[in-house]
Amino acid sequence: MGPLELWLFAFAVGLTASGTAGSTMELACGRRLAFAEPYVSPLHVLRSLAATACAGPFMLANDALDARRQGRITMLALISCGCTAIAWALALGIVVLAIASWATGLLEPV
């Protein structure tokens with residue numbers, strides 16, 4: 001696999017992880033995914049950090065699209081949020097692949 005394919009694979013893994021986490025959280029809570037209660041709370045900081053780290057790209061995309069529909073942000077800000085969500089999904093994919101690689105190494109016989 002070449003470098004471009006590795007980056008694309010990491011991006012796809014990040015999107016998959018974020019989408020799976022976000023959909024699971026939406027099904028469990030019955031509310032749209034956003035940077036708001038019940039997903040992000042000052043009373044539950046660790047839970048909020050974990051939820052944001054895993055489902056953050058889709059939280060950002062949902063909030064940015066809502067803000068654009070309501071006229072609270074410009075098209076340039078929406079594009080900026082989209083680029084940030086793409087970079088976030090790529091970073092999440094790299095982390096997930098690193099954890100998977102590390103965990104697979106633990107399973108190999110000595």
# chains A, B, ... in the order shown; residues from 1 in each chain; ligands from 1

$ residues_around --residues "segment 43-54 of chain A" --least-positions-apart "5" --cutoff "12 Å" --atoms "only C-alpha atoms" --output "PyMOL selection string"
chain A and resi 13-26+33-38+59-60+85+88-93+95-96

$ residues_around --residues "Ala64 of chain A" --least-positions-apart "3" --cutoff "12 Å" --atoms "only C-alpha atoms" --output "ChimeraX atom specification"
/A:33-35,56-61,67-85

$ closest_residue --among "A:Ile86, A:Ala10, A:Ala55, A:Ser41" --to "Ala98 of chain A" --atoms "only C-alpha atoms"
A:Ala10

$ select_by_dssp --residues "chain A" --states "alpha helix (DSSP H)" --output "short mmCIF file (atom, residue, chain, number, x, y, z; two decimals) with N, CA and C atoms, in the first residue's frame"
data_model
loop_
_atom_site.label_atom_id
_atom_site.label_comp_id
_atom_site.auth_asym_id
_atom_site.auth_seq_id
_atom_site.Cartn_x
_atom_site.Cartn_y
_atom_site.Cartn_z
N PRO A 3 1.65 5.49 0.22
CA PRO A 3 1.34 6.50 1.24
C PRO A 3 -0.06 7.10 1.10
N LEU A 4 -0.48 7.36 -0.12
CA LEU A 4 -1.81 7.94 -0.33
C LEU A 4 -2.91 6.99 0.14
N GLU A 5 -2.74 5.71 -0.19
CA GLU A 5 -3.74 4.73 0.23
C GLU A 5 -3.80 4.60 1.75
N LEU A 6 -2.64 4.70 2.41
CA LEU A 6 -2.62 4.63 3.87
C LEU A 6 -3.37 5.80 4.49
N TRP A 7 -3.17 7.01 3.94
CA TRP A 7 -3.88 8.19 4.44
C TRP A 7 -5.38 8.05 4.22
N LEU A 8 -5.75 7.57 3.04
CA LEU A 8 -7.18 7.39 2.75
C LEU A 8 -7.80 6.32 3.63
N PHE A 9 -7.04 5.25 3.89
CA PHE A 9 -7.53 4.19 4.78
C PHE A 9 -7.72 4.73 6.20
N ALA A 10 -6.75 5.50 6.68
CA ALA A 10 -6.87 6.09 8.02
C ALA A 10 -8.08 7.02 8.09
N PHE A 11 -8.32 7.80 7.04
CA PHE A 11 -9.48 8.69 7.00
C PHE A 11 -10.77 7.88 7.03
N ALA A 12 -10.83 6.80 6.26
CA ALA A 12 -12.03 5.95 6.25
C ALA A 12 -12.26 5.30 7.62
N VAL A 13 -11.19 4.88 8.26
CA VAL A 13 -11.32 4.30 9.60
C VAL A 13 -11.83 5.35 10.58
N GLY A 14 -11.33 6.56 10.49
CA GLY A 14 -11.79 7.64 11.37
C GLY A 14 -13.25 7.97 11.15
N LEU A 15 -13.68 8.05 9.89
CA LEU A 15 -15.10 8.29 9.61
C LEU A 15 -15.98 7.17 10.14
N THR A 16 -15.51 5.94 9.96
CA THR A 16 -16.28 4.79 10.44
C THR A 16 -16.39 4.79 11.96
N ALA A 17 -15.27 5.04 12.63
CA ALA A 17 -15.29 5.06 14.10
C ALA A 17 -16.17 6.19 14.61
N SER A 18 -16.05 7.35 14.01
CA SER A 18 -16.85 8.50 14.44
C SER A 18 -18.34 8.27 14.16
N GLY A 19 -18.65 7.74 13.00
CA GLY A 19 -20.05 7.47 12.67
C GLY A 19 -20.67 6.41 13.55
N THR A 20 -19.90 5.37 13.84
CA THR A 20 -20.41 4.30 14.71
C THR A 20 -20.64 4.83 16.12
N ALA A 21 -19.68 5.57 16.64
CA ALA A 21 -19.82 6.14 17.99
C ALA A 21 -20.99 7.12 18.04
N GLY A 22 -21.07 7.99 17.04
CA GLY A 22 -22.14 8.99 17.01
C GLY A 22 -23.52 8.37 16.88
N SER A 23 -23.66 7.38 16.00
CA SER A 23 -24.96 6.71 15.84
C SER A 23 -25.37 5.96 17.10
N THR A 24 -24.41 5.33 17.74
CA THR A 24 -24.70 4.62 18.99
C THR A 24 -25.16 5.60 20.06
N MET A 25 -24.48 6.74 20.15
CA MET A 25 -24.86 7.74 21.15
C MET A 25 -26.24 8.33 20.85
N GLU A 26 -26.53 8.57 19.58
CA GLU A 26 -27.86 9.08 19.22
C GLU A 26 -28.95 8.07 19.54
N LEU A 27 -28.70 6.80 19.27
CA LEU A 27 -29.70 5.76 19.58
C LEU A 27 -29.90 5.63 21.08
N ALA A 28 -28.81 5.73 21.84
CA ALA A 28 -28.92 5.57 23.29
C ALA A 28 -29.64 6.76 23.95
N CYS A 29 -29.38 7.96 23.45
CA CYS A 29 -29.95 9.16 24.07
C CYS A 29 -31.23 9.64 23.41
N VAL A 45 -16.93 15.46 32.93
CA VAL A 45 -15.87 15.91 32.04
C VAL A 45 -15.23 14.74 31.29
N LEU A 46 -14.92 13.65 31.96
CA LEU A 46 -14.28 12.52 31.28
C LEU A 46 -15.19 11.89 30.25
N ARG A 47 -16.46 11.75 30.58
CA ARG A 47 -17.42 11.21 29.61
C ARG A 47 -17.55 12.15 28.42
N SER A 48 -17.57 13.44 28.68
CA SER A 48 -17.66 14.42 27.60
C SER A 48 -16.43 14.39 26.70
N LEU A 49 -15.25 14.26 27.29
CA LEU A 49 -14.02 14.17 26.49
C LEU A 49 -14.01 12.92 25.64
N ALA A 50 -14.43 11.79 26.21
CA ALA A 50 -14.47 10.55 25.43
C ALA A 50 -15.48 10.64 24.29
N ALA A 51 -16.65 11.19 24.58
CA ALA A 51 -17.67 11.33 23.54
C ALA A 51 -17.20 12.27 22.44
N THR A 52 -16.57 13.36 22.81
CA THR A 52 -16.10 14.33 21.84
C THR A 52 -14.94 13.77 21.02
N ALA A 53 -14.04 13.05 21.66
CA ALA A 53 -12.91 12.47 20.93
C ALA A 53 -13.39 11.46 19.89
N CYS A 54 -14.38 10.67 20.25
CA CYS A 54 -14.85 9.61 19.34
C CYS A 54 -15.82 10.11 18.28
N ALA A 55 -16.76 10.92 18.64
CA ALA A 55 -17.81 11.35 17.71
C ALA A 55 -17.70 12.82 17.34
N GLY A 56 -16.59 13.46 17.68
CA GLY A 56 -16.41 14.88 17.45
C GLY A 56 -16.58 15.36 16.02
N PRO A 57 -16.03 14.65 15.02
CA PRO A 57 -16.21 15.14 13.65
C PRO A 57 -17.67 15.29 13.24
N PHE A 58 -18.51 14.34 13.65
CA PHE A 58 -19.93 14.44 13.30
C PHE A 58 -20.66 15.45 14.18
N MET A 59 -20.22 15.61 15.42
CA MET A 59 -20.78 16.67 16.26
C MET A 59 -20.52 18.03 15.64
N LEU A 60 -19.28 18.23 15.20
CA LEU A 60 -18.89 19.51 14.58
C LEU A 60 -19.67 19.74 13.29
N ALA A 61 -19.78 18.71 12.47
CA ALA A 61 -20.51 18.86 11.21
C ALA A 61 -21.99 19.18 11.46
N ASN A 62 -22.61 18.48 12.40
CA ASN A 62 -24.02 18.74 12.72
C ASN A 62 -24.22 20.17 13.22
N ASP A 63 -23.38 20.60 14.15
CA ASP A 63 -23.52 21.95 14.70
C ASP A 63 -23.25 23.03 13.65
N ALA A 64 -22.25 22.80 12.80
CA ALA A 64 -21.93 23.78 11.77
C ALA A 64 -23.06 23.89 10.74
N LEU A 65 -23.62 22.76 10.34
CA LEU A 65 -24.73 22.79 9.38
C LEU A 65 -25.96 23.46 9.97
N ASP A 66 -26.24 23.19 11.25
CA ASP A 66 -27.37 23.87 11.91
C ASP A 66 -27.15 25.38 11.98
N ALA A 67 -25.94 25.77 12.33
CA ALA A 67 -25.62 27.20 12.43
C ALA A 67 -25.73 27.87 11.06
N ARG A 68 -25.31 27.19 10.02
CA ARG A 68 -25.41 27.77 8.67
C ARG A 68 -26.87 27.91 8.24
N ARG A 69 -27.69 26.90 8.53
CA ARG A 69 -29.11 26.97 8.19
C ARG A 69 -29.80 28.13 8.89
N MET A 75 -20.52 31.07 4.94
CA MET A 75 -20.11 29.91 4.16
C MET A 75 -18.63 29.60 4.41
N LEU A 76 -17.82 30.64 4.57
CA LEU A 76 -16.40 30.43 4.84
C LEU A 76 -16.20 29.72 6.18
N ALA A 77 -16.98 30.08 7.19
CA ALA A 77 -16.90 29.40 8.48
C ALA A 77 -17.36 27.95 8.36
N LEU A 78 -18.38 27.70 7.56
CA LEU A 78 -18.85 26.33 7.34
C LEU A 78 -17.76 25.49 6.67
N ILE A 79 -17.09 26.06 5.68
CA ILE A 79 -16.00 25.34 5.00
C ILE A 79 -14.86 25.07 5.98
N SER A 80 -14.57 26.05 6.83
CA SER A 80 -13.53 25.87 7.85
C SER A 80 -13.89 24.73 8.81
N CYS A 81 -15.15 24.68 9.22
CA CYS A 81 -15.60 23.59 10.10
C CYS A 81 -15.51 22.25 9.38
N GLY A 82 -15.84 22.24 8.10
CA GLY A 82 -15.74 21.00 7.32
C GLY A 82 -14.31 20.51 7.22
N CYS A 83 -13.38 21.42 6.97
CA CYS A 83 -11.97 21.04 6.91
C CYS A 83 -11.47 20.54 8.26
N THR A 84 -11.92 21.18 9.32
CA THR A 84 -11.54 20.74 10.67
C THR A 84 -12.10 19.35 10.95
N ALA A 85 -13.33 19.09 10.55
CA ALA A 85 -13.93 17.76 10.76
C ALA A 85 -13.19 16.70 9.96
N ILE A 86 -12.75 17.03 8.75
CA ILE A 86 -11.98 16.08 7.94
C ILE A 86 -10.65 15.77 8.61
N ALA A 87 -9.95 16.81 9.07
CA ALA A 87 -8.67 16.60 9.76
C ALA A 87 -8.86 15.81 11.05
N TRP A 88 -9.95 16.08 11.77
CA TRP A 88 -10.25 15.38 13.01
C TRP A 88 -10.52 13.90 12.73
N ALA A 89 -11.27 13.60 11.67
CA ALA A 89 -11.55 12.21 11.32
C ALA A 89 -10.26 11.48 10.93
N LEU A 90 -9.38 12.17 10.21
CA LEU A 90 -8.09 11.57 9.85
C LEU A 90 -7.26 11.27 11.10
N ALA A 91 -7.20 12.22 12.01
CA ALA A 91 -6.44 12.01 13.26
C ALA A 91 -7.04 10.88 14.07
N LEU A 92 -8.37 10.82 14.13
CA LEU A 92 -9.03 9.73 14.85
C LEU A 92 -8.71 8.39 14.22
N GLY A 93 -8.70 8.34 12.90
CA GLY A 93 -8.35 7.10 12.21
C GLY A 93 -6.94 6.66 12.49
N ILE A 94 -6.00 7.60 12.53
CA ILE A 94 -4.62 7.25 12.84
C ILE A 94 -4.51 6.69 14.25
N VAL A 95 -5.22 7.31 15.19
CA VAL A 95 -5.19 6.83 16.58
C VAL A 95 -5.81 5.43 16.69
N VAL A 96 -6.94 5.23 16.03
CA VAL A 96 -7.60 3.92 16.08
C VAL A 96 -6.70 2.85 15.45
N LEU A 97 -6.06 3.16 14.33
CA LEU A 97 -5.15 2.19 13.71
C LEU A 97 -3.94 1.91 14.58
N ALA A 98 -3.43 2.93 15.26
CA ALA A 98 -2.29 2.72 16.16
C ALA A 98 -2.68 1.84 17.34
N ILE A 99 -3.86 2.06 17.88
CA ILE A 99 -4.34 1.23 18.99
C ILE A 99 -4.56 -0.20 18.51
N ALA A 100 -5.13 -0.36 17.32
CA ALA A 100 -5.36 -1.70 16.78
C ALA A 100 -4.04 -2.41 16.51
N SER A 101 -3.07 -1.69 16.00
CA SER A 101 -1.76 -2.28 15.75
C SER A 101 -1.08 -2.71 17.05
N TRP A 102 -1.18 -1.86 18.05
CA TRP A 102 -0.59 -2.18 19.36
C TRP A 102 -1.30 -3.39 19.98
N ALA A 103 -2.63 -3.41 19.91
CA ALA A 103 -3.40 -4.50 20.52
C ALA A 103 -3.14 -5.81 19.78
N THR A 104 -2.95 -5.77 18.48
CA THR A 104 -2.66 -7.00 17.74
C THR A 104 -1.29 -7.55 18.11
N GLY A 105 -0.36 -6.66 18.38
CA GLY A 105 0.96 -7.09 18.81
C GLY A 105 0.93 -7.81 20.14
N LEU A 106 -0.03 -7.46 20.98
CA LEU A 106 -0.16 -8.13 22.28
C LEU A 106 -0.70 -9.55 22.13
N LEU A 107 -1.40 -9.81 21.05
CA LEU A 107 -2.02 -11.13 20.85
C LEU A 107 -1.08 -12.14 20.23
#
